[in-house]
Amino acid sequence: MNDQLSYYETMYILRPDIAEDEVTNHIDKYNKLLQEFGGTILDSQMRGKRRLAYQIAKHREGIYVQLSHQGDGQHIFKIEKAMRLSEDVIRYMTVKQEGPLPTPRPSNKKSTSESENKDNSDAKVESQEKQTVASADTSTSSKDGTETKENAGS
């Protein structure tokens with residue numbers, strides 16, 4: 001038996017015609033089964049309803065669920081067997097990972113967009129200052145002593 005715990009990611013697709021509370025029940029069911037079989041859940045996310053690349057069991061859409069977990073590998077056969085026997089799971093796949101997946105950072109779109117706008121306005125001010133300096137540097141004197149300015153943009 002392997003004493004080292006490995007990282008795994010299981011993606012499964014549920015039928016699109018089941019209710020949202022049933023989807024939550026399925027997610028809880030597989031999370032509990034995984035823990036009962038000796039796995040440790042790292043992350044469980046419902047990715048939402050998406051269009052399938054090809055038709056599966058007369059369904060063109062499916063509800064995607066991503067499950068990141070850690071264990072010795074013995075729990076995978078048992079969890080996949082439970083998914084195989086369920087009529088609501090139309091596809092599943094487990095992949096072994098090299099290490100833990102990075103934890104997603106909580107995004108705050110309002111503060112992010114405000115800081116981006118501030119950065120963009122700072123960049124515009126800097127570019128305007130550079131253009132002013134560049135146009136001042138491009139002035140040349142002609143033979144008769146009059147100054148002419150060349151266009152910095154050309």
# chains A, B, ... in the order shown; residues from 1 in each chain; ligands from 1
>>> residues_around(residues="Glu20 of chain A", least_positions_apart="4", cutoff="12 Å", atoms="only C-alpha atoms", output="ChimeraX atom specification")
/A:14-16,24-27,46,48-49,63
>>> residues_around(residues="Ile41 of chain A", least_positions_apart="2", cutoff="10 Å", atoms="only C-alpha atoms", output="PyMOL selection string")
chain A and resi 7-9+31-32+34-35+38-39+43-44+67-71
>>> atom_distance(atom1="atom CA of Leu52 of chain A", atom2="atom CA of Gln66 of chain A")
15.5 Å
>>> select_by_dssp(residues="segment 39-88 of chain A", states="alpha helix (DSSP H)", output="compact mmCIF listing (two decimals) with N, CA and C atoms, in the first residue's frame")
# COMPACT_ATOMS: atom_id res chain seq x y z
N GLN A 74 -6.86 4.73 -3.31
CA GLN A 74 -7.81 3.63 -3.15
C GLN A 74 -9.25 4.12 -3.17
N HIS A 75 -9.45 5.38 -2.86
CA HIS A 75 -10.80 5.94 -2.79
C HIS A 75 -11.38 6.26 -4.17
N ILE A 76 -10.53 6.35 -5.18
CA ILE A 76 -10.99 6.77 -6.51
C ILE A 76 -11.91 5.73 -7.13
N PHE A 77 -11.53 4.46 -7.04
CA PHE A 77 -12.36 3.41 -7.63
C PHE A 77 -13.76 3.42 -7.02
N LYS A 78 -13.83 3.62 -5.72
CA LYS A 78 -15.12 3.58 -5.03
C LYS A 78 -16.00 4.78 -5.40
N ILE A 79 -15.40 5.96 -5.50
CA ILE A 79 -16.20 7.15 -5.84
C ILE A 79 -16.65 7.09 -7.29
N GLU A 80 -15.77 6.57 -8.18
CA GLU A 80 -16.15 6.45 -9.59
C GLU A 80 -17.23 5.39 -9.79
N LYS A 81 -17.21 4.35 -8.97
CA LYS A 81 -18.25 3.33 -9.06
C LYS A 81 -19.61 3.93 -8.69
N ALA A 82 -19.63 4.77 -7.65
CA ALA A 82 -20.87 5.43 -7.25
C ALA A 82 -21.37 6.35 -8.37
N MET A 83 -20.46 7.02 -9.05
CA MET A 83 -20.86 7.90 -10.16
C MET A 83 -21.36 7.07 -11.35
N ARG A 84 -20.73 5.95 -11.60
CA ARG A 84 -21.13 5.08 -12.71
C ARG A 84 -22.55 4.55 -12.51
N LEU A 85 -22.90 4.26 -11.26
CA LEU A 85 -24.22 3.70 -10.96
C LEU A 85 -25.32 4.77 -10.93
>>> closest_residue(among="A:Leu5, A:Ile56, A:Ile18, A:Met93", to="Thr40 of chain A", atoms="only C-alpha atoms")
A:Leu5
>>> atom_distance(atom1="atom CA of Asp28 of chain A", atom2="atom CA of Ala53 of chain A")
26.8 Å
>>> closest_residue(among="A:Glu36, A:Asp21, A:Gly73, A:Val95", to="Ser6 of chain A", atoms="only C-alpha atoms")
A:Gly73
>>> atom_distance(atom1="atom CA of Tyr64 of chain A", atom2="atom CA of Asp17 of chain A")
12.8 Å
>>> closest_residue(among="A:Leu42, A:Met11, A:Ile90, A:Ala19", to="His59 of chain A", atoms="only C-alpha atoms")
A:Ile90
